[in-house]
file work22.cif (mmCIF, C-alpha atoms)
data_protein
loop_
_atom_site.label_atom_id
_atom_site.label_comp_id
_atom_site.auth_asym_id
_atom_site.auth_seq_id
_atom_site.Cartn_x
_atom_site.Cartn_y
_atom_site.Cartn_z
CA MET B 48 106.30 123.64 80.87
CA ALA B 49 108.84 126.45 80.92
CA VAL B 50 108.27 129.91 82.30
CA GLY B 51 107.12 131.87 79.25
CA GLU B 52 107.57 135.58 78.60
CA HIS B 53 104.00 136.32 79.71
CA GLN B 54 104.52 134.46 82.99
CA ARG B 55 107.93 136.05 83.48
CA ALA B 56 106.39 139.50 83.11
CA ALA B 57 103.57 138.53 85.48
CA ILE B 58 106.04 137.38 88.15
CA GLU B 59 108.06 140.58 87.82
CA GLY B 60 104.87 142.61 88.17
CA ILE B 61 103.68 140.70 91.22
CA LEU B 62 107.04 140.95 92.97
CA ASN B 63 107.84 144.43 91.65
CA THR B 64 111.39 143.52 90.67
CA GLU B 65 113.22 142.05 87.70
CA ILE B 66 114.14 138.38 87.29
CA VAL B 67 117.87 137.75 86.99
CA ASN B 68 117.92 133.98 86.59
CA ILE B 69 115.51 131.03 86.38
CA SER B 70 116.55 127.42 86.98
CA SER B 71 114.53 124.22 87.27
CA LEU B 72 114.00 122.42 90.58
CA HIS B 73 112.81 118.94 91.35
CA GLY B 74 109.12 119.49 92.06
CA GLY B 75 105.76 118.03 92.84
CA MET B 76 103.47 116.28 90.44
CA ILE B 77 101.02 119.10 89.76
CA GLY B 78 103.43 121.57 88.24
CA ASP B 79 106.93 122.42 87.08
CA VAL B 80 109.01 124.11 89.78
CA TYR B 81 111.58 126.86 89.33
CA HIS B 82 114.13 128.67 91.49
CA ILE B 83 114.04 132.35 90.61
CA LYS B 84 116.76 134.85 91.49
CA LEU B 85 115.59 138.45 91.59
CA ALA B 86 117.37 141.73 91.03
CA ASN B 87 116.86 142.70 94.67
CA GLN B 88 119.04 139.68 95.63
CA SER B 89 116.13 137.65 97.01
CA THR B 90 115.02 134.28 95.68
CA VAL B 91 111.57 132.76 95.28
CA VAL B 92 110.13 129.47 94.07
CA ALA B 93 107.54 129.40 91.30
CA LYS B 94 105.34 126.43 90.52
CA VAL B 95 103.66 126.54 87.12
CA ALA B 96 100.78 124.21 86.27
CA ALA B 97 101.73 121.69 83.60
CA ASP B 98 98.43 122.15 81.79
CA SER B 99 95.05 123.86 82.08
CA THR B 100 93.47 120.90 83.90
CA GLN B 101 95.64 121.50 86.97
CA ASN B 102 94.83 124.01 89.68
CA LEU B 103 97.46 125.24 92.12
CA GLU B 104 95.00 127.08 94.35
CA THR B 105 94.47 123.97 96.49
CA GLU B 106 98.18 123.68 97.25
CA ALA B 107 98.25 127.38 98.14
CA TYR B 108 95.27 126.86 100.47
CA MET B 109 97.03 123.99 102.26
CA LEU B 110 100.26 125.94 102.73
CA ARG B 111 98.35 128.94 104.07
CA TYR B 112 96.36 126.71 106.42
CA LEU B 113 99.53 125.22 107.86
CA ALA B 114 101.13 128.66 108.20
CA GLU B 115 98.09 130.09 109.99
CA HIS B 116 97.25 127.17 112.27
CA THR B 117 100.54 125.43 113.04
CA ALA B 118 104.23 125.94 113.81
CA LEU B 119 105.28 123.71 110.92
CA PRO B 120 107.90 125.46 108.76
CA VAL B 121 106.34 125.84 105.31
CA PRO B 122 106.96 128.22 102.41
CA GLU B 123 105.10 131.52 102.58
CA VAL B 124 102.66 131.91 99.71
CA LEU B 125 103.43 135.17 97.92
CA HIS B 126 100.87 134.75 95.15
CA SER B 127 98.54 132.06 93.90
CA ASP B 128 96.11 131.48 91.08
CA ALA B 129 95.00 128.39 89.20
CA GLN B 130 98.11 128.20 87.05
CA MET B 131 100.90 129.70 89.15
CA LEU B 132 102.08 129.60 92.75
CA LEU B 133 104.85 131.85 94.07
CA MET B 134 106.49 130.95 97.38
CA THR B 135 109.44 131.92 99.51
CA HIS B 136 112.52 129.77 99.01
CA LEU B 137 113.51 127.52 101.92
CA SER B 138 117.07 126.26 102.17
CA GLY B 139 118.06 122.74 103.13
CA ASN B 140 118.42 119.26 101.72
CA SER B 141 116.81 115.86 102.10
CA HIS B 142 119.56 114.20 104.15
CA PHE B 143 118.36 113.80 107.71
CA SER B 144 120.83 113.57 110.59
CA PRO B 145 119.66 112.08 113.91
CA ALA B 146 119.26 115.63 115.25
CA ALA B 147 117.14 116.67 112.27
CA GLN B 148 115.02 113.54 112.67
CA ARG B 149 114.39 114.32 116.32
CA HIS B 150 113.41 117.86 115.37
CA ALA B 151 111.03 116.47 112.72
CA ALA B 152 109.45 114.29 115.41
CA GLU B 153 108.90 117.30 117.63
CA LEU B 154 107.33 119.29 114.80
CA LEU B 155 105.04 116.48 113.70
CA ALA B 156 104.03 115.55 117.23
CA ALA B 157 102.97 119.17 117.75
CA LEU B 158 101.11 119.12 114.43
CA HIS B 159 99.28 115.95 115.43
CA ASP B 160 98.20 117.58 118.70
CA ILE B 161 96.11 120.04 116.66
CA SER B 162 92.58 118.68 116.50
CA ALA B 163 89.09 119.23 115.11
CA SER B 164 85.60 118.05 116.00
CA ALA B 165 85.56 115.38 113.27
CA PHE B 166 87.68 113.68 110.62
CA GLY B 167 88.07 115.40 107.27
CA MET B 168 88.64 119.05 106.40
CA GLU B 169 86.71 122.22 105.70
CA ARG B 170 87.28 121.57 101.99
CA ASP B 171 88.64 118.83 99.76
CA THR B 172 92.40 118.73 99.24
CA ILE B 173 94.77 116.85 96.94
CA ILE B 174 97.55 114.30 97.16
CA ALA B 175 99.90 114.18 94.16
CA THR B 176 97.50 114.92 91.27
CA LEU B 177 94.54 113.17 92.90
CA ALA B 178 91.46 114.57 94.59
CA GLN B 179 91.34 113.91 98.32
CA PRO B 180 87.71 114.11 99.50
CA ASN B 181 87.30 115.32 103.07
CA PRO B 182 83.65 115.34 104.16
CA TRP B 183 83.40 115.80 107.92
CA THR B 184 82.90 112.31 109.38
CA SER B 185 82.46 111.31 113.02
CA SER B 186 84.09 107.87 112.66
CA TRP B 187 87.73 107.57 111.66
CA ILE B 188 87.31 104.01 110.42
CA ASP B 189 84.34 105.00 108.25
CA PHE B 190 86.30 107.95 106.87
CA PHE B 191 89.38 105.85 106.09
CA ARG B 192 87.26 103.13 104.50
CA GLU B 193 85.10 105.35 102.26
CA GLN B 194 87.16 108.47 101.56
CA ARG B 195 90.58 106.90 101.32
CA LEU B 196 90.64 103.17 100.44
CA LEU B 197 87.44 102.77 98.44
CA HIS B 198 87.61 106.20 96.84
CA LEU B 199 91.03 105.48 95.35
CA GLY B 200 90.42 101.80 94.71
CA ARG B 201 87.42 102.65 92.53
CA HIS B 202 89.34 105.39 90.77
CA ALA B 203 92.21 103.00 90.03
CA VAL B 204 89.77 100.62 88.33
CA ARG B 205 88.11 103.45 86.36
CA ILE B 206 91.44 104.51 84.88
CA GLN B 207 92.40 100.85 84.29
CA HIS B 208 95.41 100.88 86.61
CA MET B 209 94.01 98.07 88.78
CA PRO B 210 91.84 95.04 87.94
CA ALA B 211 88.24 94.94 89.20
CA SER B 212 89.00 91.62 90.91
CA LEU B 213 91.50 93.37 93.18
CA LEU B 214 88.95 96.07 94.01
CA ARG B 215 86.50 93.38 95.13
CA ARG B 216 89.14 92.03 97.50
CA LEU B 217 89.87 95.56 98.75
CA GLU B 218 86.15 96.09 99.40
CA LYS B 219 86.02 92.94 101.51
CA LEU B 220 89.02 94.07 103.57
CA ALA B 221 87.52 97.56 103.94
CA ALA B 222 84.33 96.08 105.32
CA ALA B 223 86.35 94.33 108.03
CA LEU B 224 88.64 97.19 109.13
CA GLU B 225 87.17 97.19 112.64
CA ARG B 226 89.05 93.93 113.29
CA TRP B 227 92.37 95.78 113.32
CA LEU B 228 91.93 99.54 113.42
CA GLU B 229 91.14 101.74 116.39
CA GLU B 230 89.27 105.00 116.77
CA PRO B 231 91.76 107.61 118.05
CA GLU B 232 91.02 109.78 121.06
CA GLN B 233 90.70 112.76 118.73
CA PRO B 234 91.36 113.72 115.10
CA SER B 235 94.87 114.96 114.33
CA LEU B 236 95.94 117.43 111.67
CA ILE B 237 98.39 115.63 109.38
CA HIS B 238 100.72 116.83 106.64
CA GLY B 239 99.74 113.81 104.57
CA ASP B 240 102.72 113.40 102.24
CA ILE B 241 105.89 113.04 104.32
CA TRP B 242 108.54 111.53 102.11
CA ALA B 243 112.13 112.63 101.66
CA THR B 244 111.76 115.15 98.83
CA ASN B 245 108.96 116.94 100.71
CA VAL B 246 111.18 117.68 103.73
CA LEU B 247 114.17 120.04 103.90
CA ALA B 248 116.74 120.06 106.68
CA THR B 249 120.14 121.25 107.78
CA GLU B 250 122.48 119.13 109.86
CA SER B 251 120.63 120.04 113.06
CA GLN B 252 117.01 120.81 112.20
CA VAL B 253 114.18 120.65 109.72
CA THR B 254 113.82 123.86 107.71
CA GLY B 255 110.72 123.11 105.68
CA PHE B 256 107.84 120.81 104.81
CA LEU B 257 106.64 120.98 101.21
CA ASP B 258 103.71 119.71 99.09
CA PRO B 259 101.20 118.99 101.87
CA ALA B 260 98.08 116.84 101.52
CA ILE B 261 96.38 117.94 104.73
CA TYR B 262 93.28 116.76 106.55
CA TYR B 263 92.28 115.73 110.07
CA GLY B 264 92.78 111.99 110.46
CA HIS B 265 94.56 109.43 112.62
CA ALA B 266 98.18 110.36 113.33
CA GLU B 267 99.16 106.74 112.67
CA VAL B 268 98.50 107.31 108.96
CA GLU B 269 101.34 109.82 108.93
CA LEU B 270 103.66 107.49 110.82
CA ALA B 271 102.88 104.60 108.50
CA TYR B 272 103.65 106.66 105.41
CA ILE B 273 107.01 107.67 106.93
CA THR B 274 107.94 103.99 107.21
CA LEU B 275 106.74 103.15 103.69
CA PHE B 276 109.53 105.11 102.00
CA ASN B 277 111.93 105.17 104.98
CA THR B 278 111.77 108.95 105.24
CA PHE B 279 112.96 108.86 108.85
CA SER B 280 114.32 106.08 111.03
CA GLN B 281 114.89 105.16 114.68
CA PRO B 282 115.82 108.64 116.01
CA PHE B 283 112.52 110.02 114.70
CA PHE B 284 110.34 107.28 116.14
CA GLU B 285 112.08 107.24 119.51
CA ARG B 286 111.57 110.99 119.96
CA TYR B 287 108.01 110.91 118.61
CA HIS B 288 107.11 108.10 121.01
CA GLU B 289 108.44 110.16 123.93
CA LEU B 290 106.08 112.99 122.98
CA ARG B 291 103.07 111.02 121.68
CA PRO B 292 103.24 107.36 122.69
CA ILE B 293 102.61 105.03 119.77
CA SER B 294 99.99 102.43 120.69
CA PRO B 295 101.01 98.76 120.76
CA GLY B 296 100.34 96.91 117.51
CA PHE B 297 100.96 99.83 115.19
CA PHE B 298 104.12 98.47 113.58
CA GLU B 299 103.00 94.85 113.69
CA VAL B 300 99.34 95.16 112.61
CA ARG B 301 98.02 98.58 111.60
CA ARG B 302 100.93 100.07 109.67
CA ASP B 303 100.43 97.99 106.51
CA LEU B 304 96.70 98.68 106.48
CA TYR B 305 97.31 102.41 106.61
CA ASN B 306 99.93 102.16 103.88
CA LEU B 307 97.31 100.81 101.51
CA TYR B 308 96.30 104.43 100.99
CA PRO B 309 99.64 105.82 99.72
CA LEU B 310 100.14 102.62 97.76
CA LEU B 311 96.78 103.20 96.05
CA VAL B 312 97.90 106.76 95.32
CA HIS B 313 100.91 105.29 93.55
CA VAL B 314 98.73 102.74 91.75
CA CYS B 315 96.59 105.57 90.39
CA GLU B 316 99.61 107.64 89.39
CA PHE B 317 101.93 104.91 88.11
CA GLY B 318 100.27 101.47 88.11
CA GLY B 319 102.85 98.75 87.63
CA GLY B 320 104.50 97.18 90.64
CA TYR B 321 102.44 99.15 93.12
CA VAL B 322 99.48 96.93 92.23
CA ASN B 323 101.53 93.96 93.44
CA SER B 324 102.22 95.80 96.71
CA VAL B 325 98.48 96.30 97.29
CA GLU B 326 97.84 92.64 96.50
CA SER B 327 100.57 91.57 98.93
CA ILE B 328 98.90 93.43 101.80
CA LEU B 329 95.51 91.97 100.92
CA ASN B 330 97.09 88.51 100.98
CA ARG B 331 98.61 89.20 104.39
CA TYR B 332 95.23 90.01 105.92
CA GLY B 333 93.49 87.04 104.32
CA PHE B 334 91.73 88.74 101.42
#
call {"tool": "encode", "arguments": {"input": "work22.cif", "output": "structure tokens"}}
result
Amino acid sequence: MAVGEHQRAAIEGILNTEIVNISSLHGGMIGDVYHIKLANQSTVVAKVAADSTQNLETEAYMLRYLAEHTALPVPEVLHSDAQMLLMTHLSGNSHFSPAAQRHAAELLAALHDISASAFGMERDTIIATLAQPNPWTSSWIDFFREQRLLHLGRHAVRIQHMPASLLRRLEKLAAALERWLEEPEQPSLIHGDIWATNVLATESQVTGFLDPAIYYGHAEVELAYITLFNTFSQPFFERYHELRPISPGFFEVRRDLYNLYPLLVHVCEFGGGYVNSVESILNRYGF
């Protein structure tokens, strides 16, 4: 969906300056993203909802929450409504030097130190185009079972991206999570969607985190996701472990269980080979 004349006029009115140039950017899944150069020499990023079923207010809420409660570098929200989100432009790329990875570890370790009285969030959020329910829950394992694995597993079957037989196997594994998972000492605020295109960096440091999917959960979920798509490597994990020691068994046992959630996100969005990835993990744990 291109920026139409009505939207162009609206942006100029909100920012009180003329638009000089608009170019497309690689963006998230809930809107088309544009780099906008303004007559006052500044630049902004506009995200425009692809259709009327999408609502950008939730993304704006998550960015504002991170800006108000954390030191994580995120775009400043300049304007938001259901169909359009205007943000400051952050420079950087998605190539992460060892120094940038260590900086990312420091930022995320500090983020994970921010806690709440329970697991969940004050409101539901989103990941990709999918609803992410966040009812406050006292048990992490219960929350992960019901609001993450089973919520998405059932949705995948409803939209016919996953067979019901695989859901039954997922339900059996979910009922047995206590065999492998641990309750953390406290909930941690997590970004929720750390993969390469959602992080910007220079040669020496991270300059921005984009497209969050926030809630209070177990920090290991974030670490597992980082390994799933190889966002960061050894320099990140070494520095993170110095700041927040990673409990034994994470890489060997718990990581794959936690990665069922982002894999189910991809099943719901894309289907295909991601179903095989879910099945492979179920096979590994005997289900």
call {"tool": "closest_residue", "arguments": {"input": "work22.cif", "among": "B:Val204, B:Gly333, B:Leu154, B:Gly264", "to": "Asp189 (chain B)", "atoms": "all atoms listed in the file"}}
result
B:Gly264
call {"tool": "closest_residue", "arguments": {"input": "work22.cif", "among": "B:Ala86, B:Leu304, B:Ile273, B:Val314", "to": "Ala223 (chain B)", "atoms": "all atoms listed in the file"}}
result
B:Leu304
call {"tool": "closest_residue", "arguments": {"input": "work22.cif", "among": "B:Ala97, B:Met109, B:Leu214, B:Val91", "to": "Leu257 (chain B)", "atoms": "only C-alpha atoms"}}
result
B:Met109
call {"tool": "atom_distance", "arguments": {"input": "work22.cif", "atom1": "CA of Val325 (chain B)", "atom2": "CA of Leu307 (chain B)"}}
result
6.3 Å
call {"tool": "resolve_selection", "arguments": {"input": "work22.cif", "expression": "the PyMOL selection byres ((chain B and resi 271) around 9)", "output": "VMD selection string"}}
result
chain B and resid 266 to 270 272 to 275 297 to 298 301 to 306
call {"tool": "resolve_selection", "arguments": {"input": "work22.cif", "expression": "the PyMOL selection byres ((chain B and resi 329) around 10)", "output": "list in words"}}
result
Leu213, Arg216, Leu217, Lys219, Leu220, Asp303, Leu304, Leu307, Asn323, Ser324, Val325, Glu326, Ser327, Ile328, Asn330, Arg331, Tyr332, Gly333 and Phe334 of chain B
call {"tool": "write_last_selection", "arguments": {"input": "work22.cif", "atoms": "C-alpha atoms", "output": "compact mmCIF listing (two decimals), in the frame of the given file"}}
result
# COMPACT_ATOMS: atom_id res chain seq x y z
CA LEU B 213 91.50 93.37 93.18
CA ARG B 216 89.14 92.03 97.50
CA LEU B 217 89.87 95.56 98.75
CA LYS B 219 86.02 92.94 101.51
CA LEU B 220 89.02 94.07 103.57
CA ASP B 303 100.43 97.99 106.51
CA LEU B 304 96.70 98.68 106.48
CA LEU B 307 97.31 100.81 101.51
CA ASN B 323 101.53 93.96 93.44
CA SER B 324 102.22 95.80 96.71
CA VAL B 325 98.48 96.30 97.29
CA GLU B 326 97.84 92.64 96.50
CA SER B 327 100.57 91.57 98.93
CA ILE B 328 98.90 93.43 101.80
CA ASN B 330 97.09 88.51 100.98
CA ARG B 331 98.61 89.20 104.39
CA TYR B 332 95.23 90.01 105.92
CA GLY B 333 93.49 87.04 104.32
CA PHE B 334 91.73 88.74 101.42
call {"tool": "closest_residue", "arguments": {"input": "work22.cif", "among": "B:Met209, B:Thr135, B:Trp227, B:Leu155", "to": "Ile188 (chain B)", "atoms": "only C-alpha atoms"}}
result
B:Trp227
call {"tool": "atom_distance", "arguments": {"input": "work22.cif", "atom1": "CA of Met168 (chain B)", "atom2": "CA of Thr184 (chain B)"}}
result
9.3 Å
call {"tool": "closest_residue", "arguments": {"input": "work22.cif", "among": "B:Val312, B:Glu218, B:Tyr263, B:Gln179", "to": "Leu197 (chain B)", "atoms": "only C-alpha atoms"}}
result
B:Glu218
call {"tool": "resolve_selection", "arguments": {"input": "work22.cif", "expression": "the PyMOL selection byres ((chain B and resi 145) around 12)", "output": "PyMOL selection string"}}
result
chain B and resi 142-144+146-152+248-253+279-286
call {"tool": "atom_distance", "arguments": {"input": "work22.cif", "atom1": "CA of Gln233 (chain B)", "atom2": "CA of Pro292 (chain B)"}}
result
14.2 Å
call {"tool": "residues_around", "arguments": {"input": "work22.cif", "residues": "Ala96 (chain B)", "least_positions_apart": "5", "cutoff": "7 Å", "atoms": "all atoms listed in the file", "output": "ChimeraX atom specification"}}
result
/B:77-79,101-103,130-131
call {"tool": "decode", "arguments": {"input": "work22.cif", "residues": "region 278-316 of chain B", "atoms": "C-alpha atoms", "output": "PDB file, in the first residue's frame"}}
result
ATOM      1  CA  THR B 278      20.869 -13.111  15.238  1.00  0.00           C
ATOM      2  CA  PHE B 279      23.925 -12.934  17.485  1.00  0.00           C
ATOM      3  CA  SER B 280      26.725 -15.390  18.206  1.00  0.00           C
ATOM      4  CA  GLN B 281      29.449 -16.142  20.751  1.00  0.00           C
ATOM      5  CA  PRO B 282      30.404 -12.534  21.654  1.00  0.00           C
ATOM      6  CA  PHE B 283      26.794 -11.818  22.617  1.00  0.00           C
ATOM      7  CA  PHE B 284      26.326 -14.905  24.762  1.00  0.00           C
ATOM      8  CA  GLU B 285      29.682 -14.571  26.503  1.00  0.00           C
ATOM      9  CA  ARG B 286      28.927 -10.982  27.537  1.00  0.00           C
ATOM     10  CA  TYR B 287      25.323 -11.744  28.467  1.00  0.00           C
ATOM     11  CA  HIS B 288      26.445 -14.652  30.659  1.00  0.00           C
ATOM     12  CA  GLU B 289      28.868 -12.340  32.478  1.00  0.00           C
ATOM     13  CA  LEU B 290      25.982 -10.023  33.342  1.00  0.00           C
ATOM     14  CA  ARG B 291      23.145 -12.531  33.804  1.00  0.00           C
ATOM     15  CA  PRO B 292      24.457 -16.085  34.163  1.00  0.00           C
ATOM     16  CA  ILE B 293      22.626 -18.528  31.908  1.00  0.00           C
ATOM     17  CA  SER B 294      21.479 -21.560  33.901  1.00  0.00           C
ATOM     18  CA  PRO B 295      22.924 -24.977  32.999  1.00  0.00           C
ATOM     19  CA  GLY B 296      20.801 -26.952  30.559  1.00  0.00           C
ATOM     20  CA  PHE B 297      19.480 -23.994  28.602  1.00  0.00           C
ATOM     21  CA  PHE B 298      21.283 -24.755  25.346  1.00  0.00           C
ATOM     22  CA  GLU B 299      21.030 -28.522  25.714  1.00  0.00           C
ATOM     23  CA  VAL B 300      17.433 -28.916  26.963  1.00  0.00           C
ATOM     24  CA  ARG B 301      15.249 -25.815  27.236  1.00  0.00           C
ATOM     25  CA  ARG B 302      16.213 -23.826  24.151  1.00  0.00           C
ATOM     26  CA  ASP B 303      14.312 -25.999  21.661  1.00  0.00           C
ATOM     27  CA  LEU B 304      11.203 -26.027  23.838  1.00  0.00           C
ATOM     28  CA  TYR B 305      11.174 -22.249  23.969  1.00  0.00           C
ATOM     29  CA  ASN B 306      11.720 -22.027  20.222  1.00  0.00           C
ATOM     30  CA  LEU B 307       8.466 -23.882  19.657  1.00  0.00           C
ATOM     31  CA  TYR B 308       6.774 -20.517  20.171  1.00  0.00           C
ATOM     32  CA  PRO B 309       8.482 -18.540  17.370  1.00  0.00           C
ATOM     33  CA  LEU B 310       8.257 -21.613  15.160  1.00  0.00           C
ATOM     34  CA  LEU B 311       4.493 -21.698  15.756  1.00  0.00           C
ATOM     35  CA  VAL B 312       4.388 -17.993  14.881  1.00  0.00           C
ATOM     36  CA  HIS B 313       5.995 -18.887  11.568  1.00  0.00           C
ATOM     37  CA  VAL B 314       3.622 -21.830  11.093  1.00  0.00           C
ATOM     38  CA  CYS B 315       0.670 -19.465  11.498  1.00  0.00           C
ATOM     39  CA  GLU B 316       2.168 -16.876   9.159  1.00  0.00           C
TER      40      GLU B 316
END
